[in-house]
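Structure file data.cif (mmCIF, C-alpha atoms and all ligand atoms) follows.
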```
data_work
loop_
_atom_site.label_atom_id
_atom_site.label_comp_id
_atom_site.auth_asym_id
_atom_site.auth_seq_id
_atom_site.Cartn_x
_atom_site.Cartn_y
_atom_site.Cartn_z
CA MET A 1 87.82 -197.81 -144.60
CA ALA A 2 86.82 -198.55 -140.98
CA GLU A 3 83.56 -196.94 -139.82
CA THR A 4 84.73 -194.90 -136.82
CA ASN A 5 81.22 -194.19 -135.50
CA THR A 6 80.29 -197.91 -135.36
CA ILE A 7 81.17 -200.33 -132.61
CA HIS A 8 80.74 -204.11 -132.72
CA LEU A 9 79.33 -205.78 -129.61
CA PRO A 10 79.30 -209.51 -128.93
CA TYR A 11 75.72 -210.84 -128.62
CA SER A 12 76.24 -211.61 -124.92
CA GLU A 13 77.27 -208.00 -124.18
CA LEU A 14 74.26 -206.60 -125.98
CA VAL A 15 72.01 -209.01 -124.05
CA SER A 16 73.51 -207.80 -120.75
CA LEU A 17 73.02 -204.15 -121.68
CA LEU A 18 69.39 -204.66 -122.74
CA GLU A 19 68.71 -206.79 -119.67
CA ALA A 20 69.97 -203.93 -117.48
CA ILE A 21 67.59 -201.53 -119.26
CA PHE A 22 64.58 -203.79 -118.70
CA ILE A 23 65.47 -204.28 -115.04
CA ALA A 24 66.01 -200.53 -114.56
CA HIS A 25 62.46 -199.99 -115.84
CA GLY A 26 60.76 -202.46 -113.53
CA VAL A 27 60.95 -205.80 -115.36
CA SER A 28 61.60 -208.90 -113.22
CA THR A 29 65.03 -210.49 -113.73
CA SER A 30 63.63 -213.63 -115.39
CA ASN A 31 61.41 -211.65 -117.79
CA ALA A 32 64.24 -209.18 -118.49
CA ARG A 33 66.57 -211.96 -119.65
CA ILE A 34 63.95 -213.36 -122.05
CA LEU A 35 63.16 -209.94 -123.55
CA ALA A 36 66.83 -208.95 -123.80
CA GLU A 37 67.76 -212.16 -125.64
CA ASN A 38 64.82 -211.68 -128.00
CA CYS A 39 65.66 -208.06 -128.81
CA ALA A 40 69.42 -208.67 -129.13
CA GLY A 41 68.67 -211.63 -131.43
CA CYS A 42 66.63 -209.35 -133.70
CA GLU A 43 69.47 -206.81 -133.85
CA ARG A 44 72.04 -209.58 -134.48
CA ASP A 45 69.99 -210.98 -137.38
CA GLY A 46 69.43 -207.55 -138.93
CA SER A 47 65.69 -207.49 -138.05
CA LEU A 48 66.25 -203.83 -137.38
CA SER A 49 62.59 -202.78 -137.13
CA HIS A 50 62.39 -204.97 -133.99
CA GLY A 51 65.89 -204.74 -132.55
CA ILE A 52 67.33 -201.97 -130.38
CA PHE A 53 65.18 -199.46 -132.28
CA ARG A 54 62.31 -200.77 -130.09
CA MET A 55 63.99 -200.21 -126.72
CA ALA A 56 62.68 -196.66 -126.30
CA GLY A 57 59.15 -197.96 -126.94
CA TYR A 58 59.56 -200.83 -124.45
CA VAL A 59 60.76 -198.33 -121.86
CA SER A 60 58.04 -195.76 -122.43
CA SER A 61 55.35 -198.47 -122.28
CA LEU A 62 56.81 -199.80 -119.03
CA ASP A 63 57.15 -196.32 -117.53
CA SER A 64 53.54 -195.49 -118.47
CA GLY A 65 52.28 -198.45 -116.43
CA TRP A 66 50.59 -199.91 -119.53
CA VAL A 67 52.50 -203.22 -119.45
CA ASP A 68 53.43 -205.23 -116.37
CA GLY A 69 57.10 -206.21 -116.54
CA GLN A 70 56.70 -208.33 -113.39
CA ALA A 71 53.75 -210.36 -114.67
CA VAL A 72 53.80 -214.07 -113.86
CA PRO A 73 51.96 -215.96 -116.61
CA GLU A 74 49.39 -218.64 -115.81
CA VAL A 75 49.51 -221.84 -117.86
CA GLU A 76 46.34 -223.93 -118.26
CA ASP A 77 46.18 -227.47 -119.64
CA VAL A 78 42.86 -227.42 -121.49
CA GLY A 79 42.92 -230.58 -123.59
CA PRO A 80 45.13 -233.26 -125.14
CA SER A 81 46.28 -230.77 -127.78
CA PHE A 82 45.54 -227.37 -126.29
CA VAL A 83 47.53 -225.14 -123.93
CA ARG A 84 46.25 -221.76 -122.85
CA VAL A 85 48.37 -219.05 -121.21
CA ASP A 86 47.14 -215.88 -119.54
CA ALA A 87 50.04 -213.41 -119.80
CA LYS A 88 48.34 -211.28 -117.10
CA GLY A 89 49.08 -208.00 -118.87
CA GLY A 90 52.78 -208.75 -119.30
CA PHE A 91 54.94 -209.34 -122.35
CA THR A 92 54.15 -212.29 -124.60
CA GLN A 93 57.58 -213.89 -124.64
CA PRO A 94 57.66 -214.89 -120.92
CA ALA A 95 54.13 -216.30 -121.35
CA PHE A 96 55.33 -218.23 -124.39
CA PHE A 97 58.29 -219.72 -122.50
CA ALA A 98 55.99 -220.62 -119.61
CA GLY A 99 53.65 -222.57 -121.93
CA LYS A 100 56.22 -224.06 -124.30
CA PRO A 101 57.28 -227.19 -122.30
CA LEU A 102 53.67 -228.40 -121.95
CA LEU A 103 53.02 -227.56 -125.63
CA ILE A 104 55.98 -229.69 -126.75
CA GLU A 105 54.92 -232.54 -124.46
CA LYS A 106 51.48 -232.49 -126.13
CA VAL A 107 52.93 -232.32 -129.66
CA LYS A 108 55.06 -235.38 -128.89
CA GLN A 109 52.02 -237.22 -127.50
CA THR A 110 49.40 -236.30 -130.08
CA GLY A 111 51.29 -235.03 -133.14
CA VAL A 112 49.87 -231.53 -133.00
CA ALA A 113 49.05 -228.89 -130.38
CA VAL A 114 47.86 -225.30 -130.07
CA LEU A 115 49.24 -222.66 -127.72
CA ALA A 116 46.85 -219.75 -127.18
CA ILE A 117 48.28 -216.74 -125.33
CA ARG A 118 46.02 -213.92 -124.21
CA ARG A 119 46.29 -210.56 -122.41
CA SER A 120 49.82 -210.20 -123.77
CA HIS A 121 52.05 -207.49 -125.25
CA HIS A 122 54.11 -208.52 -128.33
CA PHE A 123 56.50 -205.84 -129.54
CA SER A 124 58.98 -207.93 -131.51
CA ALA A 125 59.53 -210.05 -134.60
CA LEU A 126 57.88 -213.49 -134.68
CA TRP A 127 60.69 -215.56 -136.15
CA PRO A 128 62.41 -215.95 -132.72
CA ASP A 129 59.19 -217.64 -131.54
CA VAL A 130 58.96 -220.23 -134.33
CA GLU A 131 62.51 -220.92 -135.52
CA PRO A 132 63.55 -222.94 -132.41
CA PHE A 133 60.63 -225.35 -132.95
CA ALA A 134 61.98 -226.21 -136.41
CA GLU A 135 65.48 -226.62 -134.96
CA GLU A 136 63.92 -229.26 -132.68
CA GLY A 137 62.27 -231.04 -135.64
CA PHE A 138 58.76 -229.53 -135.50
CA VAL A 139 56.73 -227.46 -137.95
CA ALA A 140 55.37 -224.28 -136.33
CA LEU A 141 53.05 -221.49 -137.34
CA SER A 142 52.34 -218.41 -135.26
CA ALA A 143 50.30 -215.24 -135.62
CA VAL A 144 49.97 -212.12 -133.50
CA ASN A 145 47.71 -209.09 -133.84
CA SER A 146 48.86 -205.60 -132.93
CA MET A 147 47.33 -202.10 -132.87
CA ALA A 148 44.69 -200.85 -135.33
CA CYS A 149 46.63 -199.06 -138.06
CA VAL A 150 45.62 -201.00 -141.18
CA VAL A 151 42.52 -200.12 -143.21
CA PRO A 152 40.61 -203.13 -144.59
CA TYR A 153 40.63 -203.51 -148.38
CA GLY A 154 38.30 -200.82 -149.76
CA GLY A 155 37.62 -199.49 -146.25
CA THR A 156 38.11 -196.11 -144.60
CA LYS A 157 38.81 -196.90 -140.95
CA ALA A 158 41.79 -198.76 -139.45
CA VAL A 159 40.62 -202.07 -137.98
CA PHE A 160 43.54 -204.49 -138.29
CA GLY A 161 46.97 -204.46 -136.78
CA THR A 162 50.00 -205.12 -138.94
CA ASN A 163 49.32 -208.73 -137.91
CA PRO A 164 52.33 -210.88 -138.85
CA VAL A 165 52.37 -214.59 -139.54
CA ALA A 166 55.53 -216.68 -139.16
CA PHE A 167 56.15 -220.24 -140.29
CA ALA A 168 59.10 -222.54 -139.61
CA SER A 169 59.95 -225.99 -140.91
CA PRO A 170 62.96 -228.28 -140.53
CA ARG A 171 65.05 -228.46 -143.72
CA ALA A 172 67.73 -231.11 -144.26
CA GLY A 173 71.31 -229.87 -144.45
CA LYS A 174 70.48 -226.21 -143.81
CA ALA A 175 68.96 -223.86 -141.28
CA PRO A 176 65.17 -224.31 -141.02
CA PHE A 177 62.99 -222.70 -143.67
CA VAL A 178 61.41 -219.69 -141.90
CA PHE A 179 59.33 -216.81 -143.11
CA ASP A 180 58.00 -214.02 -140.95
CA GLN A 181 55.92 -211.29 -142.53
CA ALA A 182 53.41 -208.61 -141.64
CA SER A 183 50.00 -208.78 -143.35
CA SER A 184 50.23 -205.03 -143.96
CA ALA A 185 52.14 -203.82 -147.01
CA ILE A 186 54.92 -202.73 -144.65
CA ALA A 187 55.54 -203.16 -140.92
CA HIS A 188 54.74 -200.15 -138.74
CA GLY A 189 58.32 -200.23 -137.45
CA ASP A 190 59.67 -199.75 -140.98
CA VAL A 191 57.33 -196.78 -141.50
CA GLN A 192 58.75 -195.21 -138.33
CA ILE A 193 62.32 -195.86 -139.54
CA ALA A 194 61.52 -194.34 -142.97
CA ALA A 195 60.02 -191.26 -141.27
CA ARG A 196 63.09 -190.86 -139.07
CA GLU A 197 65.48 -191.25 -141.98
CA GLY A 198 63.43 -189.11 -144.38
CA HIS A 199 62.74 -191.87 -146.96
CA GLU A 200 59.64 -192.03 -149.14
CA LEU A 201 57.75 -195.35 -149.18
CA LYS A 202 56.80 -197.29 -152.30
CA PRO A 203 53.30 -196.53 -153.64
CA GLY A 204 50.45 -198.73 -152.39
CA MET A 205 51.53 -199.00 -148.77
CA GLY A 206 49.44 -196.39 -147.00
CA VAL A 207 46.95 -193.54 -146.96
CA ASP A 208 46.98 -190.13 -145.28
CA ARG A 209 44.46 -188.86 -142.70
CA ASP A 210 41.99 -188.07 -145.55
CA GLY A 211 42.25 -191.58 -146.95
CA GLU A 212 44.28 -190.44 -149.94
CA PRO A 213 47.16 -192.66 -151.13
CA THR A 214 50.53 -191.39 -149.90
CA THR A 215 54.19 -192.37 -149.99
CA ASP A 216 55.03 -190.02 -147.11
CA PRO A 217 55.67 -192.10 -143.95
CA LYS A 218 54.96 -189.09 -141.73
CA ALA A 219 51.50 -188.68 -143.28
CA ILE A 220 50.80 -192.34 -142.49
CA LEU A 221 51.95 -191.94 -138.89
CA ASP A 222 50.12 -188.63 -138.47
CA GLY A 223 46.51 -189.86 -138.62
CA GLY A 224 46.90 -191.95 -141.77
CA ALA A 225 46.93 -195.75 -142.02
CA LEU A 226 48.55 -198.69 -143.74
CA LEU A 227 47.04 -201.03 -146.34
CA PRO A 228 47.04 -204.82 -146.31
CA PHE A 229 49.62 -206.42 -148.64
CA GLY A 230 48.20 -207.82 -151.87
CA GLY A 231 44.75 -206.18 -151.76
CA HIS A 232 41.86 -208.45 -150.76
CA LYS A 233 44.17 -211.45 -150.27
CA GLY A 234 46.36 -209.83 -147.61
CA ASN A 235 43.16 -208.43 -146.12
CA SER A 236 41.86 -211.95 -145.47
CA ILE A 237 45.17 -212.94 -143.85
CA ALA A 238 44.96 -209.88 -141.57
CA LEU A 239 41.40 -210.86 -140.63
CA MET A 240 42.43 -214.47 -140.01
CA VAL A 241 45.15 -213.22 -137.66
CA GLU A 242 42.56 -211.23 -135.66
CA ILE A 243 40.44 -214.39 -135.40
CA LEU A 244 43.28 -216.70 -134.35
CA SER A 245 45.23 -214.31 -132.12
CA ALA A 246 42.36 -212.51 -130.41
CA ALA A 247 38.97 -214.22 -130.84
CA LEU A 248 40.37 -217.73 -130.33
CA THR A 249 42.83 -216.89 -127.54
CA GLY A 250 40.58 -214.54 -125.56
CA GLY A 251 42.86 -211.56 -126.28
CA TYR A 252 41.83 -208.15 -127.58
CA PHE A 253 41.32 -207.27 -131.23
CA SER A 254 43.78 -204.69 -132.56
CA GLY A 255 41.18 -201.93 -132.31
CA GLU A 256 39.68 -203.03 -129.03
CA PHE A 257 42.15 -202.11 -126.29
CA ASP A 258 42.27 -198.57 -124.89
CA TRP A 259 45.73 -197.26 -124.08
CA SER A 260 44.71 -193.59 -124.07
CA GLY A 261 45.08 -193.38 -120.28
CA HIS A 262 48.74 -194.41 -120.49
CA LYS A 263 50.76 -191.65 -122.12
CA GLY A 264 53.76 -193.21 -123.85
CA ALA A 265 52.17 -196.66 -124.24
CA GLN A 266 53.38 -198.33 -127.44
CA THR A 267 53.10 -202.08 -126.91
CA PRO A 268 49.92 -203.65 -128.37
CA PHE A 269 47.81 -205.54 -125.80
CA THR A 270 46.45 -208.50 -127.76
CA GLY A 271 47.09 -212.25 -128.07
CA GLN A 272 49.24 -214.77 -129.91
CA PHE A 273 48.39 -218.08 -131.54
CA PHE A 274 50.67 -221.07 -132.25
CA VAL A 275 50.09 -224.42 -133.86
CA VAL A 276 52.98 -226.87 -133.68
CA ILE A 277 53.11 -230.16 -135.61
CA ASP A 278 55.31 -233.24 -135.44
CA PRO A 279 56.01 -233.84 -139.16
CA GLU A 280 56.95 -237.48 -138.56
CA ARG A 281 53.22 -238.18 -138.10
CA GLY A 282 52.78 -237.45 -141.81
CA GLY A 283 54.27 -240.85 -142.60
CA ASN A 284 57.13 -239.42 -144.62
CA ASP A 285 60.49 -240.31 -143.07
CA ALA A 286 62.21 -237.97 -145.48
CA PHE A 287 60.20 -234.85 -144.56
CA ALA A 288 63.20 -232.58 -143.99
CA GLU A 289 64.80 -233.80 -147.24
CA ARG A 290 61.54 -233.08 -149.10
CA VAL A 291 61.53 -229.54 -147.69
CA ALA A 292 65.15 -229.06 -148.77
CA GLY A 293 64.17 -230.40 -152.19
CA ILE A 294 61.34 -227.94 -152.80
CA CYS A 295 63.51 -225.07 -151.57
CA GLU A 296 66.21 -226.08 -154.09
CA LEU A 297 63.63 -226.26 -156.89
CA VAL A 298 62.54 -222.71 -156.10
CA LEU A 299 66.12 -221.45 -156.24
CA GLU A 300 66.85 -223.37 -159.44
CA ALA A 301 63.75 -221.80 -160.94
CA GLY A 302 65.30 -218.37 -160.48
CA GLN A 303 64.33 -216.96 -157.05
CA ASP A 304 67.57 -215.42 -155.87
CA ARG A 305 67.13 -216.25 -152.19
CA LEU A 306 64.69 -217.72 -149.72
CA PRO A 307 63.18 -216.10 -146.62
CA GLY A 308 65.57 -216.33 -143.69
CA ASP A 309 68.71 -216.42 -145.87
CA ARG A 310 69.45 -212.71 -145.28
CA ARG A 311 68.97 -213.12 -141.53
CA HIS A 312 71.29 -216.09 -141.32
CA LEU A 313 73.99 -214.34 -143.34
CA THR A 314 73.69 -211.29 -141.07
CA ARG A 315 73.80 -213.54 -138.01
CA ALA A 316 76.94 -215.28 -139.26
CA ARG A 317 78.67 -211.92 -139.80
CA ALA A 318 77.61 -210.70 -136.36
CA THR A 319 78.86 -213.91 -134.75
CA THR A 320 82.30 -213.34 -136.25
CA ASP A 321 82.59 -209.54 -136.08
CA GLY A 322 80.11 -208.57 -133.35
CA ILE A 323 76.76 -206.79 -133.75
CA PRO A 324 77.27 -203.39 -135.40
CA LEU A 325 75.83 -200.46 -133.42
CA SER A 326 76.34 -196.76 -134.00
CA VAL A 327 78.07 -195.03 -131.10
CA GLU A 328 75.01 -192.79 -130.83
CA ASN A 329 72.68 -195.78 -130.38
CA TYR A 330 75.07 -197.43 -127.95
CA GLU A 331 75.13 -194.26 -125.82
CA LYS A 332 71.32 -194.05 -125.95
CA LEU A 333 71.09 -197.63 -124.66
CA ARG A 334 73.57 -196.94 -121.88
CA SER A 335 71.57 -193.93 -120.85
CA LEU A 336 68.31 -195.97 -120.82
CA SER A 337 70.06 -198.44 -118.51
CA GLY A 338 70.91 -195.61 -116.14
CA ALA A 339 74.69 -196.18 -116.61
P1 LIG B 401 59.80 -208.27 -144.71
O1 LIG B 401 58.89 -207.88 -145.82
O2 LIG B 401 61.06 -207.54 -144.57
O3 LIG B 401 60.19 -209.82 -144.86
C1 LIG B 401 59.17 -210.78 -144.82
C2 LIG B 401 59.74 -212.16 -145.07
O4 LIG B 401 60.14 -212.23 -146.44
C3 LIG B 401 60.99 -212.48 -144.26
O5 LIG B 401 60.95 -213.81 -143.89
C4 LIG B 401 62.13 -212.17 -145.23
O6 LIG B 401 63.30 -212.94 -144.99
C5 LIG B 401 61.51 -212.55 -146.54
N1 LIG B 401 62.04 -211.81 -147.67
C6 LIG B 401 62.23 -210.47 -147.76
N2 LIG B 401 62.70 -210.16 -148.99
C7 LIG B 401 62.84 -211.32 -149.67
C8 LIG B 401 63.29 -211.66 -150.98
N3 LIG B 401 63.71 -210.73 -151.82
N4 LIG B 401 63.26 -212.96 -151.34
C9 LIG B 401 62.84 -213.91 -150.49
N5 LIG B 401 62.41 -213.66 -149.23
C10 LIG B 401 62.41 -212.38 -148.84
O7 LIG B 401 59.04 -208.30 -143.31
P2 LIG B 401 57.84 -207.39 -142.80
O8 LIG B 401 58.21 -205.99 -143.08
O9 LIG B 401 56.56 -207.89 -143.32
O10 LIG B 401 57.92 -207.66 -141.24
C11 LIG B 401 59.10 -207.28 -140.52
C12 LIG B 401 59.04 -207.81 -139.13
O11 LIG B 401 58.10 -207.08 -138.37
C13 LIG B 401 58.68 -209.28 -138.96
O12 LIG B 401 59.71 -209.89 -138.20
C14 LIG B 401 57.38 -209.27 -138.18
O13 LIG B 401 57.22 -210.34 -137.27
C15 LIG B 401 57.50 -207.96 -137.44
N6 LIG B 401 56.19 -207.45 -137.04
C16 LIG B 401 55.81 -207.58 -135.74
C17 LIG B 401 54.56 -207.17 -135.35
C18 LIG B 401 54.08 -207.37 -133.95
O14 LIG B 401 52.93 -207.05 -133.68
N7 LIG B 401 54.88 -207.87 -133.04
C19 LIG B 401 53.64 -206.53 -136.29
C20 LIG B 401 54.14 -206.47 -137.64
C21 LIG B 401 55.38 -206.91 -138.00
P3 LIG B 401 64.61 -212.23 -144.31
O15 LIG B 401 64.24 -211.97 -142.88
O16 LIG B 401 65.71 -213.24 -144.47
O17 LIG B 401 64.87 -210.97 -145.08
O1 LIG B 402 56.22 -203.19 -136.86
O2 LIG B 402 54.08 -203.28 -137.29
C1 LIG B 402 55.04 -203.35 -136.50
C2 LIG B 402 54.77 -203.69 -135.09
C3 LIG B 402 53.60 -203.58 -134.42
C4 LIG B 402 53.84 -204.00 -133.12
C5 LIG B 402 55.15 -204.35 -133.04
N1 LIG B 402 55.68 -204.18 -134.27
#
```

Transcribe the structure of this file into structure tokens.
Amino acid sequence: MAETNTIHLPYSELVSLLEAIFIAHGVSTSNARILAENCAGCERDGSLSHGIFRMAGYVSSLDSGWVDGQAVPEVEDVGPSFVRVDAKGGFTQPAFFAGKPLLIEKVKQTGVAVLAIRRSHHFSALWPDVEPFAEEGFVALSAVNSMACVVPYGGTKAVFGTNPVAFASPRAGKAPFVFDQASSAIAHGDVQIAAREGHELKPGMGVDRDGEPTTDPKAILDGGALLPFGGHKGNSIALMVEILSAALTGGYFSGEFDWSGHKGAQTPFTGQFFVVIDPERGGNDAFAERVAGICELVLEAGQDRLPGDRRHLTRARATTDGIPLSVENYEKLRSLSGA
């Protein structure tokens, strides 16, 4: 039976609508296009915790004056394999696109290069940042820190952000192998979605304001905190992300920035780290075939799917049928755009 309260928008139409929202809330036209494509791509791929669900947060952060939608990033060439970008208090993605051409030039010259972005706001998924590198034949790893909402293993005070890491590699005969995961037991966005929809979380994901374990997403959002995934092991990944994304880039730690003077601010003001590698330097001409081979072995051994498979299936459906949006969400977006 057809879902009467769902519409299906082509990707390009969703991009135009989101672009209009960003522009209506003070973002420059070039930055608006980049952010709109990023957000629409998340919705298209079913990365729903970072798709259109985030538009209200983007808008309230912009309206609060916390993030500069007009920021013009500054790219610095700081070594044969090192590019630094100051996002100047703007969103990370325009800073990333400003630094990317020089980064790729250096990877081609030297085999490996780092891109260190600082003073930046990242409010999205990371896979859109790394997947295109693998489509161009490179291996890429990226990490970003966010806002302090994760208690260290055995600790009592939130220090880490939800701090995702994403990795992408070319894979022969298929879309690149890509994973993109928070170092918390669950992304903050998914806690917000669970609270809105009235779902309990699985045990072991968070604590309430008294530090007691809870499965109630509202208790986590209301003064509680999240836990790292996998106990002390996820804890070390979260700490590594703080080191790479903030200490190394010159950005803020997740607990270091003060947004209290900007009512409505939601976008974390931190940094982002990338390392990109030319796999041909490894001396193995069959690198992409080797990657495909290990992925096949994993599936033959019984794993039912690999990271990225769900996204690509969702993308394929959206490419044929359009991106499904509830009429209610579509109307909310139109109203944010001022239409
Ligand atoms: P998930 O736990 O949903 O997924 C993590 C990874 O595991 C994905 O690559 C996913 O692939 C894969 N995966 C999920 N289930 C399976 C399975 N059964 N078998 C094999 N692979 C699987 O992601 P998180 O909740 O940890 O993070 C969600 C998003 O939130 C990420 O995109 C992350 O970048 C973003 N985020 C952003 C932050 C920021 O500061 N900007 C902070 C924290 C998170 P697939 O996508 O195909 O399902
Ligand atoms: O989902 O944890 C999250 C998140 C933090 C910042 C952007 N997304």

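CA of Glu300 in chain A lies 26.0 Å from CA of Phe138 in chain A.
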
**Message:** For a test of reading the model, state the distance in Å between atom O10 of ligand LIG 401 (chain B) and CA of Glu74 in chain A, rounded to one decimal.
**Reply:**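 Taking atom O10 of ligand LIG 401 (chain B) and CA of Glu74 in chain A, their separation equals 29.0 Å.
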
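Considering only C-alpha atoms and all ligand atoms, every residue of the polymer chains approaching ligand LIG 402 (chain B) to 7 Å or closer is listed here: Ser49, His50, His122, Phe123, Ser124, Ser146, Met147, Thr162, Ala182, Ala187, His188, Gly189, Asp190, Thr267 and Pro268 of chain A.
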
Could the residues in this selection be saved with C-alpha atoms as an mmCIF file, in the frame of the given file?
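Writing done, so here's part31.cif:
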```
data_model
loop_
_atom_site.group_PDB
_atom_site.id
_atom_site.type_symbol
_atom_site.label_atom_id
_atom_site.label_comp_id
_atom_site.auth_asym_id
_atom_site.auth_seq_id
_atom_site.Cartn_x
_atom_site.Cartn_y
_atom_site.Cartn_z
ATOM 1 C CA SER A 49 62.590 -202.780 -137.130
ATOM 2 C CA HIS A 50 62.390 -204.970 -133.990
ATOM 3 C CA HIS A 122 54.110 -208.520 -128.330
ATOM 4 C CA PHE A 123 56.500 -205.840 -129.540
ATOM 5 C CA SER A 124 58.980 -207.930 -131.510
ATOM 6 C CA SER A 146 48.860 -205.600 -132.930
ATOM 7 C CA MET A 147 47.330 -202.100 -132.870
ATOM 8 C CA THR A 162 50.000 -205.120 -138.940
ATOM 9 C CA ALA A 182 53.410 -208.610 -141.640
ATOM 10 C CA ALA A 187 55.540 -203.160 -140.920
ATOM 11 C CA HIS A 188 54.740 -200.150 -138.740
ATOM 12 C CA GLY A 189 58.320 -200.230 -137.450
ATOM 13 C CA ASP A 190 59.670 -199.750 -140.980
ATOM 14 C CA THR A 267 53.100 -202.080 -126.910
ATOM 15 C CA PRO A 268 49.920 -203.650 -128.370
#
```

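A straight line drawn from atom O15 of ligand LIG 401 (chain B) to CA of Leu313 in chain A is 10.0 Å long.
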
**Message:** Here's a test: counting all atoms listed in the file, identify every protein, DNA and RNA residue with an atom at most 9 Å from (54.2, -197.8, -122.3) in the file's coordinate frame, and state them as a VMD selection string.
**Reply:** chain A and resid 57 to 67 259 262 to 267

**Request:** Just the residues within 9 Å of Asn5 in chain A, please, counting all atoms listed in the file, with nothing from its chain fewer than 5 positions along; format it as JSON, numbers by chain.
**Result:** {"A": [325, 326, 327, 328]}

**Asked** Which residue gives the smallest distance to Val130 in chain A among A:Asn329, A:Gln272, A:Gln109, A:Ser337, with only C-alpha atoms counted?
**Response**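 That would be A:Gln272, the residue with the smallest distance to Val130 in chain A.
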
Using only C-alpha atoms, find each residue in range 304-336 of chain A having at least one atom no more than 12 Å away from range 16-27 of chain A; report its shortest atom-to-atom pair and that distance in Å (one decimal), rows by chain then rising number, as CSV.
```
residue,atom,partner,partner_atom,distance
A:Tyr330,CA,A:Leu17,CA,9.4
A:Glu331,CA,A:Leu17,CA,10.9
A:Lys332,CA,A:Ile21,CA,10.7
A:Leu333,CA,A:Leu17,CA,7.4
A:Arg334,CA,A:Leu17,CA,7.2
A:Ser335,CA,A:Ile21,CA,8.7
A:Leu336,CA,A:Ile21,CA,5.8
```

Selection from above, C-alpha atoms, as a PDB file, keeping the file's coordinate frame, can you write it?
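Output file selection-v4.pdb follows:
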```pdb
ATOM      1  CA  TYR A 330      75.070-197.430-127.950  1.00  0.00           C
ATOM      2  CA  GLU A 331      75.130-194.260-125.820  1.00  0.00           C
ATOM      3  CA  LYS A 332      71.320-194.050-125.950  1.00  0.00           C
ATOM      4  CA  LEU A 333      71.090-197.630-124.660  1.00  0.00           C
ATOM      5  CA  ARG A 334      73.570-196.940-121.880  1.00  0.00           C
ATOM      6  CA  SER A 335      71.570-193.930-120.850  1.00  0.00           C
ATOM      7  CA  LEU A 336      68.310-195.970-120.820  1.00  0.00           C
TER       8      LEU A 336
END
```

**Option closest in space to Ala238 in chain A, from A:Gln192, A:Asn284, A:Ser254, A:Ser12 [counting all atoms listed in the file]** =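 Looking at the shortest contact to Ala238 in chain A, the residue is A:Ser254.
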
**Item:** Selected residue, from A:Phe53, A:Phe82, A:Tyr153, A:Phe97, that lies nearest to Ala225 in chain A when counting all atoms listed in the file
**Value:**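 Looking at the shortest contact to Ala225 in chain A, the residue is A:Tyr153.
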
Using all atoms listed in the file, which protein or nucleic acid residues are at most 6 Å from ligand LIG 401 (chain B), as a tab-separated table (two decimals) with C-alpha atoms, in the frame of the given file?
```tsv
chain	number	residue	atom	x	y	z
A	122	HIS	CA	54.11	-208.52	-128.33
A	123	PHE	CA	56.50	-205.84	-129.54
A	124	SER	CA	58.98	-207.93	-131.51
A	125	ALA	CA	59.53	-210.05	-134.60
A	126	LEU	CA	57.88	-213.49	-134.68
A	144	VAL	CA	49.97	-212.12	-133.50
A	145	ASN	CA	47.71	-209.09	-133.84
A	146	SER	CA	48.86	-205.60	-132.93
A	162	THR	CA	50.00	-205.12	-138.94
A	163	ASN	CA	49.32	-208.73	-137.91
A	164	PRO	CA	52.33	-210.88	-138.85
A	179	PHE	CA	59.33	-216.81	-143.11
A	180	ASP	CA	58.00	-214.02	-140.95
A	181	GLN	CA	55.92	-211.29	-142.53
A	182	ALA	CA	53.41	-208.61	-141.64
A	186	ILE	CA	54.92	-202.73	-144.65
A	187	ALA	CA	55.54	-203.16	-140.92
A	305	ARG	CA	67.13	-216.25	-152.19
A	306	LEU	CA	64.69	-217.72	-149.72
A	307	PRO	CA	63.18	-216.10	-146.62
A	308	GLY	CA	65.57	-216.33	-143.69
A	309	ASP	CA	68.71	-216.42	-145.87
A	310	ARG	CA	69.45	-212.71	-145.28
A	311	ARG	CA	68.97	-213.12	-141.53
```

**Prompt:** With all atoms listed in the file as the basis for distance, which of A:Ala113, A:Leu226, A:Ala172, A:Val291 is at the shortest distance from Val151 in chain A?
**Reply:**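 Counting all atoms listed in the file, the residue closest to Val151 in chain A is A:Leu226.
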
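Restricting the calculation to all atoms listed in the file, the smallest distance between Pro128 in chain A and any of A:Gly79, A:Gly173, A:Gly41, A:Gly89 is found for A:Gly41.
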
**Request:** Rank nothing, just name the residue among A:Glu76, A:Asp278, A:Asp321, A:Glu296 nearest to Ala134 in chain A, using only C-alpha atoms.
**Result:**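 Among the listed residues, A:Asp278 lies closest to Ala134 in chain A.
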
**Item:** Contacts of Lys106 in chain A at 8 Å (only C-alpha atoms; same-chain gap of 4+ positions) as a VMD selection string
**Value:** chain A and resid 80 to 82 102 110 to 113

Selection file, C-alpha atoms, as a tab-separated table (two decimals), keeping the file's coordinate frame:
```
chain	number	residue	atom	x	y	z
A	80	PRO	CA	45.13	-233.26	-125.14
A	81	SER	CA	46.28	-230.77	-127.78
A	82	PHE	CA	45.54	-227.37	-126.29
A	102	LEU	CA	53.67	-228.40	-121.95
A	110	THR	CA	49.40	-236.30	-130.08
A	111	GLY	CA	51.29	-235.03	-133.14
A	112	VAL	CA	49.87	-231.53	-133.00
A	113	ALA	CA	49.05	-228.89	-130.38
```

**Asked** Which neighbours of Glu212 in chain A fall inside 10 Å, counting only C-alpha atoms, when residues of the same chain fewer than 5 positions from it are skipped, and could you give them as JSON, numbers by chain?
**Response** {"A": [156, 206, 207, 219, 224, 225]}

**Request:** Would you mind listing what lies within 10 Å of Lys174 in chain A as a PyMOL selection string, with all atoms listed in the file counted and same-chain residues fewer than 4 positions away left out?
**Result:** chain A and resi 170+288+292

Take the selection from the previous step and output its residues with C-alpha atoms, as a compact mmCIF listing (two decimals), in the frame of the given file.
```
# COMPACT_ATOMS: atom_id res chain seq x y z
CA PRO A 170 62.96 -228.28 -140.53
CA ALA A 288 63.20 -232.58 -143.99
CA ALA A 292 65.15 -229.06 -148.77
```
